[in-house]
Amino acid sequence: MSAIDSLPPLRQVIADHGLSAKKALGQNFLLDLNLTAKIARQAGDLSHCDVLEIGPGPGGLTRGLLAEGARRVLAIEKDERCLPALEEIAAAYPGRLQVINGDALEVDPLAHLTPPIRVAANLPYNIGTELLVRWLTPKDWPPFWQSLTLMFQREVAERIVARPGSKAYGRLAILAQWRANARIVLSLPPEAFTPPPKISSAVVHLEALPEPRYPADAAVLSRVVAAAFNQRRKMLRAALKGLAPDIEDRLISVGIAPTERAEQIGLEQFCALARALQQG
Ligand code: SAM
């Protein structure tokens, strides 16, 4: 019998440990182990990787990651009620699961991980975007992670993979696509979760690029993109006028019409504009 078969079904785990879902912790659990194994497979070959999981809850995805061969899983869970269930999984996979009881926004996991590292999580929705932005904006590139395989509300997933010209296109798309390949790999209806959330969800897989797709200074690019999308209905010459007195000339110098709006500008052009602005 494999380790996964020796563990009780997740519904029983939840009943045994009294894990009634808490809304404040974003608890929508995945109880179908076929589904959690499928999500784990989207994370790529885990056999030589440490996997960082945020919010393991009763451990459905954790079990998927271990059964799919993760070398080690480091799981950070805020709700201490989940710890006994996670200990049972650790016992079934000796030496391969470490659990930290803490807040993922505060714990620094790096001391506990050995590269190569992949991240996989069914994230609590209230901190998902914040964690993603942190992982996409480290001090140095490449980042500590090779890939991120993350569950989001469908609408957030669409913003991550959005292309120019769409309503979903904005800062998150540029941040994600500048230094990673990002795609939606699975869509899940509310009924896939217990309890079902109000909205649909999707799993996004991001692979870190060895270096940015186009050269640009991260801070300058971030300022340009923030200014452009903070006033996304305005023409760029107006939205960006605080960045340089001669913004119209700078836009023209990189082939952007000053009358265009942020939504129409691709990543390559934003990077070119960031470089032009940095030239002083
Ligand atoms: N991974 C489990 C699954 O797929 O069934 C649970 C996913 S549930 C959407 C989110 C999990 O994150 C919950 O277990 C919740 O307790 C945990 N959580 C919420 N806020 C957290 C935080 N700040 N740090 C770590 N874990 C958190």
# chains A, B, ... in the order shown; residues from 1 in each chain; ligands from 1

call {"tool": "residues_around", "arguments": {"residues": "His17 (chain A)", "least_positions_apart": "4", "cutoff": "12 Å", "atoms": "only C-alpha atoms", "output": "PyMOL selection string"}}
result
chain A and resi 8+10-13+21+57-58+80-88

call {"tool": "write_last_selection", "arguments": {"atoms": "C-alpha atoms", "output": "PDB file, in the first residue's frame"}}
result
ATOM      1  CA  PRO A   8      -7.817   8.394   5.878  1.00  0.00           C
ATOM      2  CA  LEU A  10     -10.058  13.943   3.761  1.00  0.00           C
ATOM      3  CA  ARG A  11     -13.721  14.116   4.794  1.00  0.00           C
ATOM      4  CA  GLN A  12     -12.882  11.858   7.696  1.00  0.00           C
ATOM      5  CA  VAL A  13      -9.785  13.918   8.538  1.00  0.00           C
ATOM      6  CA  ALA A  21     -14.119  25.959   7.637  1.00  0.00           C
ATOM      7  CA  GLY A  57      -5.247  23.156   5.637  1.00  0.00           C
ATOM      8  CA  PRO A  58      -6.181  19.491   6.148  1.00  0.00           C
ATOM      9  CA  GLU A  80      -3.221  25.413  14.450  1.00  0.00           C
ATOM     10  CA  ARG A  81      -6.323  23.195  14.328  1.00  0.00           C
ATOM     11  CA  CYS A  82      -4.841  21.722  11.108  1.00  0.00           C
ATOM     12  CA  LEU A  83      -1.561  20.632  12.696  1.00  0.00           C
ATOM     13  CA  PRO A  84      -2.611  17.137  13.930  1.00  0.00           C
ATOM     14  CA  ALA A  85      -3.902  16.234  10.443  1.00  0.00           C
ATOM     15  CA  LEU A  86      -0.649  17.455   8.903  1.00  0.00           C
ATOM     16  CA  GLU A  87       1.353  15.451  11.452  1.00  0.00           C
ATOM     17  CA  GLU A  88      -0.376  12.293  10.232  1.00  0.00           C
TER      18      GLU A  88
END

call {"tool": "closest_atom_pairs", "arguments": {"of": "chain A", "to": "ligand 1", "cutoff": "9 Å", "atoms": "only C-alpha atoms and all ligand atoms", "output": "CSV"}}
result
residue,atom,partner,partner_atom_place_in_ligand_line,distance
A:Ala21,CA,ligand 1,13 (C),8.3
A:Lys22,CA,ligand 1,16 (O),7.5
A:Lys23,CA,ligand 1,15 (C),8.9
A:Ala24,CA,ligand 1,19 (C),7.7
A:Leu25,CA,ligand 1,19 (C),4.1
A:Gly26,CA,ligand 1,10 (C),5.3
A:Gln27,CA,ligand 1,8 (S),4.0
A:Asn28,CA,ligand 1,9 (C),4.4
A:Phe29,CA,ligand 1,5 (O),3.2
A:Leu30,CA,ligand 1,5 (O),3.8
A:Leu31,CA,ligand 1,5 (O),6.3
A:Asp32,CA,ligand 1,5 (O),9.0
A:Thr36,CA,ligand 1,4 (O),7.4
A:Glu53,CA,ligand 1,1 (N),7.9
A:Ile54,CA,ligand 1,25 (C),5.6
A:Gly55,CA,ligand 1,12 (O),3.2
A:Pro56,CA,ligand 1,1 (N),3.8
A:Gly57,CA,ligand 1,14 (O),3.2
A:Pro58,CA,ligand 1,2 (C),6.2
A:Gly59,CA,ligand 1,2 (C),5.8
A:Gly60,CA,ligand 1,5 (O),5.2
A:Leu61,CA,ligand 1,4 (O),5.3
A:Thr62,CA,ligand 1,1 (N),7.2
A:Ala75,CA,ligand 1,25 (C),8.6
A:Ile76,CA,ligand 1,25 (C),5.3
A:Glu77,CA,ligand 1,26 (N),3.9
A:Lys78,CA,ligand 1,26 (N),4.2
A:Asp79,CA,ligand 1,16 (O),4.7
A:Glu80,CA,ligand 1,16 (O),8.2
A:Arg81,CA,ligand 1,16 (O),8.7
A:Cys82,CA,ligand 1,14 (O),7.3
A:Ile100,CA,ligand 1,25 (C),8.9
A:Asn101,CA,ligand 1,25 (C),7.7
A:Gly102,CA,ligand 1,25 (C),6.0
A:Asp103,CA,ligand 1,24 (N),3.6
A:Ala104,CA,ligand 1,24 (N),3.8
A:Leu105,CA,ligand 1,23 (N),5.8
A:Glu106,CA,ligand 1,23 (N),8.0
A:Val107,CA,ligand 1,24 (N),8.5
A:Ala121,CA,ligand 1,1 (N),6.1
A:Asn122,CA,ligand 1,1 (N),4.7
A:Leu123,CA,ligand 1,10 (C),5.1
A:Pro124,CA,ligand 1,10 (C),4.0
A:Tyr125,CA,ligand 1,9 (C),6.8
A:Asn126,CA,ligand 1,20 (N),7.5
A:Ile127,CA,ligand 1,23 (N),6.6
A:Met151,CA,ligand 1,9 (C),8.3
A:Phe193,CA,ligand 1,5 (O),7.6
A:Thr194,CA,ligand 1,5 (O),8.1

call {"tool": "write_last_selection", "arguments": {"atoms": "C-alpha atoms", "output": "PDB file, in the first residue's frame"}}
result
ATOM      1  CA  ALA A  21     -14.119  25.959   7.637  1.00  0.00           C
ATOM      2  CA  LYS A  22     -13.348  29.477   8.866  1.00  0.00           C
ATOM      3  CA  LYS A  23     -14.210  32.229   6.420  1.00  0.00           C
ATOM      4  CA  ALA A  24     -11.745  34.683   7.952  1.00  0.00           C
ATOM      5  CA  LEU A  25      -8.908  32.304   7.012  1.00  0.00           C
ATOM      6  CA  GLY A  26     -10.170  31.836   3.455  1.00  0.00           C
ATOM      7  CA  GLN A  27     -10.816  28.153   4.112  1.00  0.00           C
ATOM      8  CA  ASN A  28     -12.241  26.442   1.023  1.00  0.00           C
ATOM      9  CA  PHE A  29     -10.809  22.961   1.082  1.00  0.00           C
ATOM     10  CA  LEU A  30     -10.056  20.566  -1.769  1.00  0.00           C
ATOM     11  CA  LEU A  31     -11.106  17.089  -0.697  1.00  0.00           C
ATOM     12  CA  ASP A  32     -10.771  15.182  -3.971  1.00  0.00           C
ATOM     13  CA  THR A  36      -5.081  17.649  -5.777  1.00  0.00           C
ATOM     14  CA  GLU A  53       3.159  25.242   0.177  1.00  0.00           C
ATOM     15  CA  ILE A  54       1.177  28.048   1.779  1.00  0.00           C
ATOM     16  CA  GLY A  55      -1.992  27.147   3.670  1.00  0.00           C
ATOM     17  CA  PRO A  56      -2.068  23.331   3.540  1.00  0.00           C
ATOM     18  CA  GLY A  57      -5.247  23.156   5.637  1.00  0.00           C
ATOM     19  CA  PRO A  58      -6.181  19.491   6.148  1.00  0.00           C
ATOM     20  CA  GLY A  59      -3.483  18.564   3.607  1.00  0.00           C
ATOM     21  CA  GLY A  60      -5.216  17.585   0.358  1.00  0.00           C
ATOM     22  CA  LEU A  61      -2.716  19.347  -1.890  1.00  0.00           C
ATOM     23  CA  THR A  62       0.123  18.408   0.474  1.00  0.00           C
ATOM     24  CA  ALA A  75       4.055  23.897   4.502  1.00  0.00           C
ATOM     25  CA  ILE A  76       3.154  27.109   6.327  1.00  0.00           C
ATOM     26  CA  GLU A  77      -0.278  27.033   7.981  1.00  0.00           C
ATOM     27  CA  LYS A  78      -1.789  29.705  10.217  1.00  0.00           C
ATOM     28  CA  ASP A  79      -4.601  27.600  11.690  1.00  0.00           C
ATOM     29  CA  GLU A  80      -3.221  25.413  14.450  1.00  0.00           C
ATOM     30  CA  ARG A  81      -6.323  23.195  14.328  1.00  0.00           C
ATOM     31  CA  CYS A  82      -4.841  21.722  11.108  1.00  0.00           C
ATOM     32  CA  ILE A 100       5.468  25.658  10.256  1.00  0.00           C
ATOM     33  CA  ASN A 101       2.543  27.036  12.236  1.00  0.00           C
ATOM     34  CA  GLY A 102       2.559  30.716  11.324  1.00  0.00           C
ATOM     35  CA  ASP A 103       1.450  33.534   9.075  1.00  0.00           C
ATOM     36  CA  ALA A 104       2.860  33.208   5.551  1.00  0.00           C
ATOM     37  CA  LEU A 105       3.144  36.999   5.353  1.00  0.00           C
ATOM     38  CA  GLU A 106       5.540  36.967   8.293  1.00  0.00           C
ATOM     39  CA  VAL A 107       7.473  33.689   8.176  1.00  0.00           C
ATOM     40  CA  ALA A 121      -0.593  26.388  -3.124  1.00  0.00           C
ATOM     41  CA  ASN A 122      -4.327  26.662  -2.923  1.00  0.00           C
ATOM     42  CA  LEU A 123      -3.922  30.113  -1.476  1.00  0.00           C
ATOM     43  CA  PRO A 124      -6.145  31.900   0.969  1.00  0.00           C
ATOM     44  CA  TYR A 125      -7.685  34.447  -1.395  1.00  0.00           C
ATOM     45  CA  ASN A 126      -7.201  37.364   0.965  1.00  0.00           C
ATOM     46  CA  ILE A 127      -3.386  37.127   0.809  1.00  0.00           C
ATOM     47  CA  MET A 151      -4.910  28.810  -7.146  1.00  0.00           C
ATOM     48  CA  PHE A 193     -14.264  23.136  -2.905  1.00  0.00           C
ATOM     49  CA  THR A 194     -15.749  22.476   0.516  1.00  0.00           C
TER      50      THR A 194
END

call {"tool": "closest_residue", "arguments": {"among": "A:Leu35, A:Leu113, A:Ala216, A:Ala90", "to": "Arg179 (chain A)", "atoms": "only C-alpha atoms"}}
result
A:Ala216

call {"tool": "select_by_dssp", "arguments": {"residues": "region 146-225 of chain A", "states": "strand (DSSP E)", "output": "list in words"}}
result
Ser147, Leu148, Thr149, Leu150, Met151, Phe152, Gln153, Ala180, Asn181, Ala182, Arg183, Ile184, Val185, Leu186, Ser187, Leu188, Phe193, Thr194, Ser201, Ala202, Val203, Val204, His205, Leu206, Glu207 and Ala208 of chain A

call {"tool": "residues_around", "arguments": {"residues": "Glu191 (chain A)", "least_positions_apart": "5", "cutoff": "9 Å", "atoms": "only C-alpha atoms", "output": "PyMOL selection string"}}
result
chain A and resi 196-197+200

call {"tool": "write_last_selection", "arguments": {"atoms": "N, CA and C atoms", "output": "mmCIF file, in the first residue's frame"}}
result
data_model
loop_
_atom_site.group_PDB
_atom_site.id
_atom_site.type_symbol
_atom_site.label_atom_id
_atom_site.label_comp_id
_atom_site.auth_asym_id
_atom_site.auth_seq_id
_atom_site.Cartn_x
_atom_site.Cartn_y
_atom_site.Cartn_z
ATOM 1 N N PRO A 196 -18.167 25.462 -0.942
ATOM 2 C CA PRO A 196 -17.936 26.135 -2.223
ATOM 3 C C PRO A 196 -17.890 27.651 -2.054
ATOM 4 N N PRO A 197 -16.878 28.318 -2.636
ATOM 5 C CA PRO A 197 -16.874 29.792 -2.614
ATOM 6 C C PRO A 197 -17.930 30.320 -3.586
ATOM 7 N N SER A 200 -15.722 31.281 -9.304
ATOM 8 C CA SER A 200 -14.905 30.219 -9.890
ATOM 9 C C SER A 200 -13.434 30.500 -9.608
#

call {"tool": "residues_around", "arguments": {"residues": "Pro94 (chain A)", "least_positions_apart": "4", "cutoff": "10 Å", "atoms": "only C-alpha atoms", "output": "list in words"}}
result
Ala3, Arg72, Ile89, Ala90 and Gln98 of chain A

call {"tool": "write_last_selection", "arguments": {"atoms": "C-alpha atoms", "output": "tab-separated table (two decimals), in the first residue's frame"}}
result
chain	number	residue	atom	x	y	z
A	3	ALA	CA	1.65	6.11	1.77
A	72	ARG	CA	10.41	17.71	0.46
A	89	ILE	CA	0.80	13.07	6.70
A	90	ALA	CA	4.33	13.78	7.95
A	98	GLN	CA	7.91	20.03	7.54

call {"tool": "residues_around", "arguments": {"residues": "Trp135 (chain A)", "least_positions_apart": "5", "cutoff": "10 Å", "atoms": "only C-alpha atoms", "output": "NGL selection string"}}
result
:A and (119 or 129-130 or 143-145 or 148 or 176)

call {"tool": "write_last_selection", "arguments": {"atoms": "C-alpha atoms", "output": "short mmCIF file (atom, residue, chain, number, x, y, z; two decimals), in the first residue's frame"}}
result
data_model
loop_
_atom_site.label_atom_id
_atom_site.label_comp_id
_atom_site.auth_asym_id
_atom_site.auth_seq_id
_atom_site.Cartn_x
_atom_site.Cartn_y
_atom_site.Cartn_z
CA VAL A 119 5.92 26.88 -4.90
CA THR A 129 -2.17 38.63 -4.63
CA GLU A 130 0.09 40.08 -1.96
CA PRO A 143 14.18 34.56 -7.61
CA PHE A 144 14.37 31.75 -5.04
CA TRP A 145 11.65 29.82 -6.92
CA LEU A 148 4.75 29.05 -8.88
CA ALA A 176 4.06 38.59 -13.98
#

call {"tool": "closest_residue", "arguments": {"among": "A:Ala262, A:Leu136, A:Ala182, A:Leu277", "to": "Leu221 (chain A)", "atoms": "only C-alpha atoms"}}
result
A:Leu277

call {"tool": "closest_residue", "arguments": {"among": "A:Leu19, A:Leu172, A:Ile117, A:Leu52", "to": "Phe229 (chain A)", "atoms": "only C-alpha atoms"}}
result
A:Leu172

call {"tool": "select_by_dssp", "arguments": {"residues": "region 96-222 of chain A", "states": "alpha helix (DSSP H)", "output": "JSON, numbers by chain"}}
result
{"A": [125, 126, 127, 128, 129, 130, 131, 132, 133, 134, 135, 136, 154, 155, 156, 157, 158, 159, 160, 161, 171, 172, 173, 174, 175, 176, 177, 178, 179, 218, 219, 220, 221, 222]}
